[in-house]
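Visitor: Contents of model_20.cif (mmCIF, C-alpha atoms) are given next:
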data_input
loop_
_atom_site.label_atom_id
_atom_site.label_comp_id
_atom_site.auth_asym_id
_atom_site.auth_seq_id
_atom_site.Cartn_x
_atom_site.Cartn_y
_atom_site.Cartn_z
CA MET N 1 -13.42 -104.05 44.41
CA PRO N 2 -10.74 -106.74 44.72
CA VAL N 3 -10.09 -108.79 41.61
CA THR N 4 -10.69 -112.49 42.02
CA THR N 5 -10.83 -115.32 39.52
CA GLN N 6 -14.23 -116.19 40.98
CA SER N 7 -15.68 -112.91 39.69
CA TRP N 8 -15.49 -114.24 36.16
CA VAL N 9 -13.81 -117.31 34.73
CA VAL N 10 -12.39 -115.41 31.75
CA THR N 11 -9.55 -114.25 34.02
CA GLN N 12 -8.00 -117.66 33.42
CA ARG N 13 -7.44 -116.66 29.77
CA LEU N 14 -6.21 -113.09 30.26
CA PRO N 15 -2.57 -112.26 29.36
CA ASP N 16 0.04 -112.62 32.09
CA LEU N 17 0.97 -108.97 31.60
CA LEU N 18 -2.19 -107.96 33.48
CA PHE N 19 -1.05 -109.72 36.63
CA ALA N 20 2.49 -108.31 36.59
CA ALA N 21 1.27 -105.06 38.18
CA ASP N 22 0.54 -106.93 41.42
CA ALA N 23 4.19 -107.92 41.73
CA ARG N 24 5.59 -104.38 41.40
CA ASP N 25 5.25 -101.14 43.30
CA GLU N 26 5.88 -98.91 40.28
CA PRO N 27 3.93 -98.76 36.98
CA ILE N 28 4.88 -101.25 34.28
CA SER N 29 6.58 -99.87 31.18
CA LEU N 30 4.47 -100.96 28.20
CA THR N 31 5.58 -101.19 24.58
CA ALA N 32 3.35 -100.48 21.58
CA ALA N 33 3.03 -104.24 21.12
CA ASP N 34 1.93 -104.56 24.76
CA TYR N 35 -0.81 -101.97 24.25
CA ARG N 36 -2.07 -103.75 21.14
CA ALA N 37 -2.07 -107.10 22.96
CA LEU N 38 -3.96 -105.64 25.91
CA HIS N 39 -6.53 -103.97 23.68
CA TRP N 40 -7.07 -107.21 21.78
CA ALA N 41 -7.48 -109.07 25.09
CA TRP N 42 -9.98 -106.44 26.26
CA SER N 43 -12.03 -106.86 23.08
CA GLU N 44 -11.99 -110.63 23.50
CA ALA N 45 -13.05 -110.30 27.14
CA ILE N 46 -16.08 -108.18 26.19
CA GLY N 47 -17.07 -110.66 23.51
CA ASP N 48 -16.75 -113.59 25.88
CA TYR N 49 -18.63 -111.82 28.67
CA THR N 50 -21.56 -110.60 26.54
CA ARG N 51 -21.92 -114.05 25.00
CA ARG N 52 -22.81 -115.43 28.42
CA THR N 53 -26.15 -115.22 30.20
CA VAL N 54 -26.10 -112.56 32.89
CA THR N 55 -28.50 -113.05 35.80
CA LYS N 56 -29.19 -109.31 36.09
CA PRO N 57 -28.53 -107.63 32.72
CA GLY N 58 -28.80 -104.22 34.37
CA ASP N 59 -25.69 -105.03 36.41
CA LYS N 60 -23.44 -105.47 33.37
CA LEU N 61 -20.91 -102.83 34.36
CA VAL N 62 -20.96 -103.98 37.99
CA ALA N 63 -20.29 -107.59 37.00
CA PHE N 64 -17.50 -106.51 34.65
CA ALA N 65 -15.89 -104.05 37.10
CA ALA N 66 -13.35 -106.55 38.43
CA ILE N 67 -12.02 -107.21 34.93
CA ALA N 68 -11.95 -103.47 34.21
CA GLU N 69 -9.96 -102.90 37.40
CA LEU N 70 -7.45 -105.53 36.36
CA PHE N 71 -6.86 -103.80 33.02
CA GLN N 72 -6.80 -100.34 34.58
CA ARG N 73 -4.00 -101.26 37.00
CA THR N 74 -1.82 -102.13 34.02
CA TRP N 75 -3.12 -99.62 31.47
CA ARG N 76 -3.48 -96.74 33.94
CA ALA N 77 -6.11 -95.16 31.71
CA GLU N 78 -9.48 -93.56 32.42
CA TYR N 79 -12.44 -95.94 32.17
CA LEU N 80 -15.63 -94.63 30.55
CA ALA N 81 -18.57 -97.01 31.05
CA GLY N 82 -16.89 -99.93 29.29
CA LEU N 83 -14.57 -97.92 27.03
CA TRP N 84 -11.08 -96.44 27.55
CA ARG N 85 -10.18 -92.81 26.93
CA PRO N 86 -6.89 -93.47 25.03
CA THR N 87 -8.68 -95.78 22.57
CA LEU N 88 -12.11 -94.15 22.75
CA LEU N 89 -12.73 -93.74 19.02
CA GLN N 90 -11.74 -97.33 18.31
CA ASP N 91 -13.79 -98.57 21.26
CA LEU N 92 -16.91 -96.77 19.99
CA LEU N 93 -16.99 -99.12 17.00
CA TRP N 94 -18.50 -102.12 18.78
CA ALA N 95 -21.34 -104.05 17.17
CA THR N 96 -23.99 -106.51 18.31
CA ASN N 97 -24.09 -109.95 16.73
CA TYR N 98 -26.97 -109.84 14.23
CA GLU N 99 -27.95 -113.44 15.03
CA GLY N 100 -28.77 -112.56 18.64
CA ARG N 101 -30.02 -108.99 18.40
CA ALA N 102 -32.34 -108.16 21.32
CA PRO N 103 -34.87 -105.43 22.15
CA ARG N 104 -33.43 -102.26 23.64
CA PRO N 105 -33.62 -102.39 27.47
CA GLU N 106 -36.39 -100.25 28.94
CA ARG N 107 -34.35 -99.13 31.95
CA TYR N 108 -31.21 -97.02 31.64
CA ARG N 109 -27.97 -98.82 32.38
CA ALA N 110 -25.30 -96.95 30.39
CA PRO N 111 -24.93 -94.24 27.72
CA SER N 112 -26.06 -95.43 24.30
CA TRP N 113 -22.49 -95.32 22.97
CA SER N 114 -21.43 -97.99 25.49
CA TRP N 115 -21.77 -101.71 24.72
CA ALA N 116 -23.21 -102.10 28.23
CA ALA N 117 -26.35 -100.23 27.12
CA VAL N 118 -27.67 -103.18 25.10
CA ASP N 119 -28.22 -106.92 25.47
CA GLY N 120 -26.75 -109.70 23.39
CA HIS N 121 -23.33 -110.75 22.15
CA VAL N 122 -21.07 -107.79 21.35
CA VAL N 123 -18.15 -107.77 18.93
CA ALA N 124 -16.00 -105.16 20.64
CA SER N 125 -14.39 -103.59 17.57
CA LEU N 126 -14.99 -103.38 13.83
CA LEU N 127 -11.40 -102.36 13.15
CA ASP N 128 -9.76 -104.25 10.31
CA ASP N 129 -6.83 -104.11 7.91
CA TRP N 130 -7.86 -100.65 6.66
CA LEU N 131 -8.40 -99.01 10.04
CA GLY N 132 -6.34 -101.11 12.45
CA ALA N 133 -3.33 -100.05 14.48
CA GLY N 134 -0.89 -101.26 11.85
CA VAL N 135 -2.09 -98.71 9.29
CA GLY N 136 -0.67 -95.84 11.34
CA THR N 137 -0.93 -92.29 10.01
CA ALA N 138 -3.11 -93.31 7.06
CA VAL N 139 -6.11 -93.37 9.40
CA GLN N 140 -7.89 -90.08 10.08
CA ARG N 141 -10.42 -89.50 12.83
CA CYS N 142 -13.11 -87.19 14.09
CA GLU N 143 -12.40 -84.98 17.10
CA VAL N 144 -13.46 -85.86 20.64
CA LEU N 145 -14.47 -82.63 22.37
CA GLU N 146 -15.67 -84.21 25.59
CA CYS N 147 -16.49 -87.57 27.09
CA GLU N 148 -17.68 -87.69 30.68
CA VAL N 149 -19.36 -90.38 32.77
CA VAL N 150 -21.07 -89.98 36.16
CA PRO N 151 -20.75 -93.14 38.32
CA ALA N 152 -23.67 -94.20 40.50
CA THR N 153 -21.36 -94.30 43.52
CA PRO N 154 -17.77 -93.14 44.08
CA LEU N 155 -17.18 -96.41 45.93
CA LEU N 156 -17.45 -98.29 42.61
CA PRO N 157 -16.10 -95.91 39.93
CA LEU N 158 -15.81 -98.74 37.38
CA GLY N 159 -19.35 -99.99 37.96
CA LYS N 160 -22.88 -98.72 37.38
CA VAL N 161 -23.27 -95.22 35.92
CA LEU N 162 -25.96 -92.56 36.18
CA SER N 163 -25.20 -90.82 32.89
CA GLY N 164 -22.64 -90.30 30.17
CA THR N 165 -22.10 -87.63 27.52
CA LEU N 166 -20.00 -87.78 24.37
CA ARG N 167 -19.32 -84.66 22.28
CA LEU N 168 -17.73 -85.07 18.87
CA ARG N 169 -16.80 -82.72 16.05
CA ALA N 170 -17.55 -84.75 12.97
CA ALA N 171 -19.40 -84.95 9.68
CA MET N 172 -23.05 -85.92 9.95
CA VAL N 173 -25.11 -87.23 7.02
CA LYS N 174 -28.83 -88.03 6.94
CA ALA N 175 -29.21 -91.71 6.12
CA THR N 176 -31.75 -94.49 5.75
CA TRP N 177 -31.78 -98.25 6.35
CA ASP N 178 -34.02 -101.24 6.93
CA PRO N 179 -33.48 -101.97 10.65
CA ASP N 180 -35.33 -105.30 10.31
CA ALA N 181 -32.66 -106.69 7.97
CA GLN N 182 -29.92 -108.80 9.54
CA LEU N 183 -27.19 -106.63 8.01
CA PRO N 184 -28.92 -103.51 6.67
CA VAL N 185 -27.43 -101.56 3.82
CA LEU N 186 -26.93 -97.92 4.79
CA TYR N 187 -27.93 -95.29 2.23
CA ALA N 188 -27.59 -91.52 2.14
CA ALA N 189 -29.60 -89.11 0.01
CA LEU N 190 -26.89 -87.03 -1.60
CA ASP N 191 -27.65 -84.06 -3.81
CA ARG N 192 -25.34 -84.37 -6.81
CA LEU N 193 -26.57 -81.12 -8.35
CA GLU N 194 -23.61 -79.09 -9.55
CA GLU N 195 -23.46 -75.38 -8.90
CA ALA N 196 -25.51 -73.42 -11.40
CA THR N 197 -23.82 -70.94 -13.69
CA LEU N 198 -25.19 -67.62 -14.83
CA THR N 199 -25.22 -68.78 -18.44
CA SER N 200 -26.93 -72.12 -17.95
CA PRO N 201 -29.13 -72.31 -14.85
CA PRO N 202 -30.82 -75.68 -14.29
CA ALA N 203 -34.41 -75.90 -15.41
CA THR N 204 -35.42 -78.11 -12.48
CA SER N 205 -33.83 -79.43 -9.32
CA PRO N 206 -33.31 -83.19 -9.56
CA ALA N 207 -34.22 -85.41 -6.63
CA PRO N 208 -31.33 -86.38 -4.35
CA GLU N 209 -29.51 -89.52 -5.41
CA LEU N 210 -29.76 -92.47 -3.02
CA THR N 211 -26.20 -93.71 -2.53
CA GLN N 212 -24.97 -96.75 -0.65
CA ILE N 213 -22.47 -95.61 1.96
CA GLY N 214 -21.98 -98.74 4.00
CA CYS N 215 -23.12 -101.84 5.83
CA ALA N 216 -24.88 -101.19 9.14
CA TYR N 217 -25.15 -103.09 12.42
CA PRO N 218 -28.21 -102.07 14.47
CA ASP N 219 -27.67 -102.22 18.23
CA SER N 220 -31.09 -103.74 18.92
CA THR N 221 -34.44 -104.57 17.36
CA GLU N 222 -35.55 -100.97 17.88
CA ASP N 223 -37.15 -99.41 14.79
CA ALA N 224 -35.23 -96.14 14.48
CA CYS N 225 -36.68 -94.18 11.56
CA GLU N 226 -34.71 -90.92 11.50
CA ILE N 227 -31.02 -91.78 11.45
CA TRP N 228 -27.72 -90.08 10.73
CA ALA N 229 -24.32 -91.52 9.81
CA VAL N 230 -21.32 -90.11 11.70
CA PRO N 231 -17.86 -91.17 10.42
CA VAL N 232 -15.47 -91.83 13.31
CA LEU N 233 -12.39 -93.30 11.60
CA TRP N 234 -11.52 -93.35 7.91
CA ASN N 235 -8.70 -94.18 5.51
CA LYS N 236 -8.75 -91.94 2.43
CA ALA N 237 -6.19 -94.06 0.61
CA GLU N 238 -8.37 -97.17 0.89
CA LYS N 239 -11.64 -95.20 0.59
CA TYR N 240 -12.88 -96.88 3.75
CA ALA N 241 -14.65 -95.52 6.84
CA ALA N 242 -16.39 -96.71 9.99
CA GLY N 243 -18.65 -94.81 12.34
CA LEU N 244 -21.85 -94.51 14.34
CA VAL N 245 -25.51 -94.51 13.39
CA ILE N 246 -27.43 -92.09 15.61
CA THR N 247 -31.01 -90.91 16.05
CA PRO N 248 -32.47 -87.82 17.79
CA ALA N 249 -32.94 -88.21 21.55
CA ALA N 250 -35.80 -86.74 23.57
CA THR N 251 -33.80 -83.54 24.17
CA GLU N 252 -33.52 -81.26 21.14
CA GLY N 253 -30.05 -81.16 19.63
CA VAL N 254 -28.98 -84.36 21.40
CA TYR N 255 -28.63 -87.82 19.87
CA ARG N 256 -28.25 -91.41 20.94
CA ARG N 257 -26.52 -94.29 19.25
CA VAL N 258 -28.63 -96.97 17.52
CA GLY N 259 -25.93 -98.76 15.53
CA CYS N 260 -22.62 -98.57 13.73
CA PHE N 261 -21.47 -98.96 10.13
CA HIS N 262 -18.48 -99.45 7.89
CA SER N 263 -17.91 -98.76 4.20
CA PRO N 264 -18.57 -101.40 1.57
CA GLU N 265 -15.51 -103.50 0.82
CA PRO N 266 -13.25 -101.53 -1.54
CA ASP N 267 -13.48 -104.19 -4.24
CA GLU N 268 -17.29 -104.10 -3.99
CA ASP N 269 -17.63 -100.34 -4.26
CA PRO N 270 -14.80 -98.41 -5.87
CA GLY N 271 -16.70 -95.24 -5.02
CA ARG N 272 -15.27 -92.38 -3.06
CA LEU N 273 -15.78 -91.05 0.43
CA VAL N 274 -17.21 -87.87 -1.04
CA TRP N 275 -20.41 -88.36 0.94
CA MET N 276 -18.48 -87.64 4.15
CA LEU N 277 -15.39 -85.69 3.07
CA GLU N 278 -17.47 -82.88 1.54
CA GLN N 279 -19.59 -82.45 4.66
CA LYS N 280 -18.90 -79.63 7.09
CA LYS N 281 -17.95 -80.92 10.53
CA GLN N 282 -20.22 -79.95 13.40
CA GLU N 283 -20.57 -80.53 17.11
CA ILE N 284 -22.60 -83.66 17.93
CA ILE N 285 -23.80 -84.59 21.42
CA ILE N 286 -24.53 -88.27 22.06
CA ILE N 287 -25.92 -89.60 25.34
#
Could you rewrite the structure in this file as structure tokens?

Guide:
Amino acid sequence: MPVTTQSWVVTQRLPDLLFAADARDEPISLTAADYRALHWAWSEAIGDYTRRTVTKPGDKLVAFAAIAELFQRTWRAEYLAGLWRPTLLQDLLWATNYEGRAPRPERYRAPSWSWAAVDGHVVASLLDDWLGAGVGTAVQRCEVLECEVVPATPLLPLGKVLSGTLRLRAAMVKATWDPDAQLPVLYAALDRLEEATLTSPPATSPAPELTQIGCAYPDSTEDACEIWAVPVLWNKAEKYAAGLVITPAATEGVYRRVGCFHSPEPDEDPGRLVWMLEQKKQEIIII
């Protein structure tokens, strides 16, 4: 699909770097600062686009394909239903604006981990001073085992998709929330029972302690009852994490995204990341 400014007026506000590829035959050499600027521009483009009224919401990826092509010519990275493979974990941390949260679309349009799967204004990244690019090696991450997308037609590889699968190796903690709240608090039932000793076995098993692990952002007005918190990025030094909220899908052993979360502000909760660091990592499939 050729890129034209008529496809979407936001092209008038995109960085000049994106248009330099048209003037050269060879790939552009990008600095680290260039990559950060492009990723910021991409996040802003998603926010601007999803804030607008789309005539056919099901055509989100089709309508956005021209912008994606413009970025891809400069980035030269694989596009995954609205996300980019080199920045996949960061890109997974999008959130819907709680003031305009909408019902989940009845018809499939994208994998649940893509912002194109839902309606409403999307904030493309929850990254901040504790998890942003400037923190460097202090940020740890879960492992991406696989991420594949099947386009509806090879003639439009950046457009509509038939399916998408994301496989992560990560911690996974059973959680609870109030999805009707604007910004639900995310809790996990953590068993604080210490290991019993032969000399002093516990008389009874105490009930699991309900612990606040973060602030959640539901993707839609859907009432998801059984949910799990999956940390994606975290900073042990700052005791701060961000990740996905998932729920079981129709297929056993498979999940779909229903929201995202981040830790409470460090000055609000001096607690640890024990709830996630002590969990054994496992393979998680999200569609």

Visitor: Between CA of Leu38 in chain N and CA of Val245 in chain N, what is the spacing in Å?

Guide: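 Separation of CA of Val245 in chain N and CA of Leu38 in chain N: 27.3 Å.
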
Visitor: Expanded to explicit residues, what is the PyMOL selection byres ((chain N and resi 140) around 6) for this file, as a ChimeraX atom specification?

Guide: /N:139,141,233-234

Visitor: Exactly which residues make up the result of the PyMOL selection byres ((chain N and resi 142-145) around 9) on this file, given as a list in words?

Guide: Leu88, Leu89, Gln140, Arg141, Glu146, Cys147, Leu166, Arg167, Leu168, Arg169, Ala170, Ala171, Pro231, Val232, Leu233, Trp234, Lys281 and Glu283 of chain N

Visitor: Hey, can you spit out that residue selection with C-alpha atoms as a short mmCIF file (atom, residue, chain, number, x, y, z; two decimals), in the frame of the given file?

Guide:
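again.cif, freshly written:
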data_model
loop_
_atom_site.label_atom_id
_atom_site.label_comp_id
_atom_site.auth_asym_id
_atom_site.auth_seq_id
_atom_site.Cartn_x
_atom_site.Cartn_y
_atom_site.Cartn_z
CA LEU N 88 -12.11 -94.15 22.75
CA LEU N 89 -12.73 -93.74 19.02
CA GLN N 140 -7.89 -90.08 10.08
CA ARG N 141 -10.42 -89.50 12.83
CA GLU N 146 -15.67 -84.21 25.59
CA CYS N 147 -16.49 -87.57 27.09
CA LEU N 166 -20.00 -87.78 24.37
CA ARG N 167 -19.32 -84.66 22.28
CA LEU N 168 -17.73 -85.07 18.87
CA ARG N 169 -16.80 -82.72 16.05
CA ALA N 170 -17.55 -84.75 12.97
CA ALA N 171 -19.40 -84.95 9.68
CA PRO N 231 -17.86 -91.17 10.42
CA VAL N 232 -15.47 -91.83 13.31
CA LEU N 233 -12.39 -93.30 11.60
CA TRP N 234 -11.52 -93.35 7.91
CA LYS N 281 -17.95 -80.92 10.53
CA GLU N 283 -20.57 -80.53 17.11
#

Visitor: Using the chain letters and numbering of this document, enumerate as a list in words the residues selected by the PyMOL selection byres ((chain N and resi 161) around 10).

Guide: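 So the PyMOL selection byres ((chain N and resi 161) around 10), applied here, picks out Leu61, Val62, Leu80, Ala81, Tyr108, Arg109, Ala110, Pro111, Val149, Val150, Pro151, Ala152, Thr153, Leu156, Pro157, Leu158, Gly159, Lys160, Leu162, Ser163 and Gly164 of chain N.
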
Visitor: Up to 8 Å from (-15.8, -100.6, 17.5) in the file's coordinates: name the residues, counting only C-alpha atoms, as a list of chain:residue names.

Guide: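 Using only C-alpha atoms, the matching residues come out as N:Leu89, N:Gln90, N:Asp91, N:Leu92, N:Leu93, N:Trp94, N:Ala95, N:Val123, N:Ala124, N:Ser125, N:Leu126, N:Leu127.
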
Visitor: Would you output that residue set with C-alpha atoms, as a CSV table (one decimal), keeping the file's coordinate frame?

Guide:
chain,number,residue,atom,x,y,z
N,89,LEU,CA,-12.7,-93.7,19.0
N,90,GLN,CA,-11.7,-97.3,18.3
N,91,ASP,CA,-13.8,-98.6,21.3
N,92,LEU,CA,-16.9,-96.8,20.0
N,93,LEU,CA,-17.0,-99.1,17.0
N,94,TRP,CA,-18.5,-102.1,18.8
N,95,ALA,CA,-21.3,-104.0,17.2
N,123,VAL,CA,-18.2,-107.8,18.9
N,124,ALA,CA,-16.0,-105.2,20.6
N,125,SER,CA,-14.4,-103.6,17.6
N,126,LEU,CA,-15.0,-103.4,13.8
N,127,LEU,CA,-11.4,-102.4,13.2

Visitor: From the options N:Ala63, N:Cys215, N:Leu210, N:Leu183, which residue's atoms come nearest to Tyr240 in chain N, counting only C-alpha atoms?

Guide: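 Among N:Ala63, N:Cys215, N:Leu210, N:Leu183, it is N:Cys215 that comes nearest to Tyr240 in chain N.
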
Visitor: For Asp59 in chain N, which of N:Glu106, N:Trp84, N:Ala117, N:Trp42 is the closest residue, counting only C-alpha atoms?

Guide: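 Of N:Glu106, N:Trp84, N:Ala117, N:Trp42, the one nearest Asp59 in chain N is N:Ala117, counting only C-alpha atoms.
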
Visitor: Would you compute the distance between CA of Leu70 in chain N and CA of Leu18 in chain N? Give it in Å to one decimal.

Guide: 6.5 Å

Visitor: Smallest atom-to-atom distance to Pro105 in chain N: which of N:Ser43, N:Ala250, N:Thr221, N:Ala237, using all atoms listed in the file?

Guide: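 For Pro105 in chain N, the nearest of the given residues is N:Thr221.
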
Visitor: Using CA of Ser29 in chain N and CA of Pro86 in chain N as the two end points, give the distance in Å to one decimal.

Guide: 16.1 Å

Visitor: Need to verify the contact set: Asp219 in chain N, 7 Å, only C-alpha atoms, exclusion of same-chain residues closer than 2 positions in sequence. Can you return it as a list in words?

Guide: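 Answer for this query is Ala95, Thr96, Val118, Tyr217, Val258 and Gly259 of chain N.
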
Visitor: Write out as a list of chain:residue names which residues come within 7 Å of Arg101 in chain N when counting all atoms listed in the file, dropping same-chain ones fewer than 2 positions away.

Guide: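 The residues satisfying every condition are N:Thr96, N:Asn97, N:Tyr98, N:Glu99, N:Gly120, N:Ser220, N:Thr221.
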
Visitor: Excluding same-chain residues fewer than 3 positions from Cys225 in chain N, what lies within 10 Å of it counting only C-alpha atoms, as a list in words?

Guide: Ala175, Thr176, Trp177, Asp178, Pro179, Glu222, Trp228, Thr247 and Pro248 of chain N

Visitor: Measuring atom to atom with all atoms listed in the file, identify which of N:Gly100, N:Pro184, N:Gly243, N:Pro154 is nearest to Met172 in chain N.

Guide: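 Closest candidate: N:Gly243.
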
Visitor: Select, from N:Ala37, N:Ala77, N:Ile286, N:Val173, the residue with the minimum atom-to-atom distance to Ala189 in chain N, counting all atoms listed in the file.

Guide: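 So, comparing all the options, the nearest one is N:Val173.
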